[in-house]
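Asker: One structure, pasted below without further comment.
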Amino acid sequence: MGKAPSNKSGAVTEISGELRSFQQAALSGRFIGVAALTLGAISLYAGRQNTAGAGRDAGLIYIIFSLLFIVPGMLYLVLAIFVLRRRRWAIITSLLLAMLDMTLLGILFVTSWGAPGAAMMCVLAGLFVAALAVMTTFLGRSLEIIRRERIA
């Protein structure tokens with residue numbers, strides 16, 4: 001593997017690696033945000049189609065389920081802007097939101113396992129958990145870089 005160009009002290013390589021961690025964290029946050037908004041909109045549309053004559057309670061369940069995707073999706077998109085600006089609070093908030101999402105999606109995965117017609121939901125929940133796990137590694141690296149900068 002080739003190294004990135006650097007001067008004698010290796011400063012360019014270190015800076016580009018640090019910047020890449022923030023960029024990867026922001027990019028993965030944006031990806032997860034857009035995917036969550038899309039799934040929220042799709043489930044809201046599907047709920048509207050499936051509950052046309054079913055009554056108010058059935059529609060309310062779809063709205064709540066959709067909001068579980070839409071609200072975090074918007075938060076990930078907003079937080080990605082501040083992660084790219086190297087804001088510590090945005091990285092910590094993104095980590096906490098990702099952990100909460102992974103917990104809720106894990107619960108959704110376990111509770112719907114084996115239910116009729118839930119295979120697609122289980123696959124999507126598993127993919128989201130995997131994407132969130134990747135994002136948390138980038139966020140963790142970014143948080144470590146900020147910690148090192150504060151010490152120095």
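Following the order of the structure tokens, first chain is A, next is B, and so on, with residues numbered from 1 inside each chain and ligands from 1 in the order they appear.
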Could you name the residues that touch A:Gly140 at 12 Å or less, counting only C-alpha atoms, but leaving out those on the same chain fewer than 4 positions away, as an mmCIF file with C-alpha atoms, in the first residue's frame?

Answerer:
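As written to disk, selection.cif reads:
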data_model
loop_
_atom_site.group_PDB
_atom_site.id
_atom_site.type_symbol
_atom_site.label_atom_id
_atom_site.label_comp_id
_atom_site.auth_asym_id
_atom_site.auth_seq_id
_atom_site.Cartn_x
_atom_site.Cartn_y
_atom_site.Cartn_z
ATOM 1 C CA GLU A 18 -7.805 13.048 10.602
ATOM 2 C CA SER A 21 -12.297 10.365 9.767
ATOM 3 C CA PHE A 22 -14.588 13.386 10.095
ATOM 4 C CA GLN A 24 -16.401 9.442 6.743
ATOM 5 C CA ALA A 25 -18.424 10.045 9.905
ATOM 6 C CA VAL A 83 -19.606 16.579 12.776
ATOM 7 C CA ARG A 88 -17.559 17.544 19.964
ATOM 8 C CA ALA A 90 -22.388 16.735 17.616
ATOM 9 C CA ILE A 91 -20.177 13.644 17.685
ATOM 10 C CA ILE A 92 -21.362 12.677 21.168
ATOM 11 C CA THR A 93 -25.009 13.323 20.252
ATOM 12 C CA SER A 94 -24.633 11.231 17.090
ATOM 13 C CA LEU A 95 -23.094 8.408 19.114
ATOM 14 C CA LEU A 96 -25.925 8.504 21.650
ATOM 15 C CA ALA A 98 -26.887 5.686 17.113
ATOM 16 C CA ALA A 133 -22.115 0.222 13.771
ATOM 17 C CA VAL A 134 -19.890 1.431 10.933
ATOM 18 C CA MET A 135 -20.842 5.030 11.662
ATOM 19 C CA THR A 136 -20.019 4.636 15.356
ATOM 20 C CA GLU A 144 -10.387 10.446 19.715
ATOM 21 C CA ILE A 145 -8.859 13.032 17.356
ATOM 22 C CA ILE A 146 -10.657 15.845 19.173
ATOM 23 C CA ARG A 147 -9.505 14.465 22.524
#

Asker: Please report, as a PyMOL selection string, each residue of chain A to which DSSP assigns alpha helix (DSSP H) when run on this structure's backbone.

Answerer: chain A and resi 11-50+56-84+88-112+119-151

Asker: Show which residues sit within 12 Å of A:Ala130, as a list in words. Count only C-alpha atoms, and ignore same-chain residues fewer than 4 positions away.

Answerer: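 Returned residues: Ser28, Ile32, Ala98, Met99, Asp101, Met102, Leu105, Gly106, Val123, Leu124, Ala125, Gly126, Val134, Met135, Thr136 and Thr137 of chain A.
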
Asker: Out of A:Leu97, A:Leu108, A:Ala41, A:Cys122, which residue has the shortest atom-to-atom distance to A:Ile70 when counting only C-alpha atoms?

Answerer: A:Ala41

Asker: In Å, rounded to a single decimal, give me how far atom CA of A:Leu79 is from atom CA of A:Ile61.

Answerer: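 We find that atom CA of A:Ile61 and atom CA of A:Leu79 lie 27.5 Å from each other.
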
Asker: List the spatial neighbours of stretch 73-76 of chain A as an MDAnalysis selection string - criterion: any atom at most 6 Å away, only C-alpha atoms, same-chain residues fewer than 4 positions off excluded.

Answerer: chainID A and resid 29 33 36:37 69 80
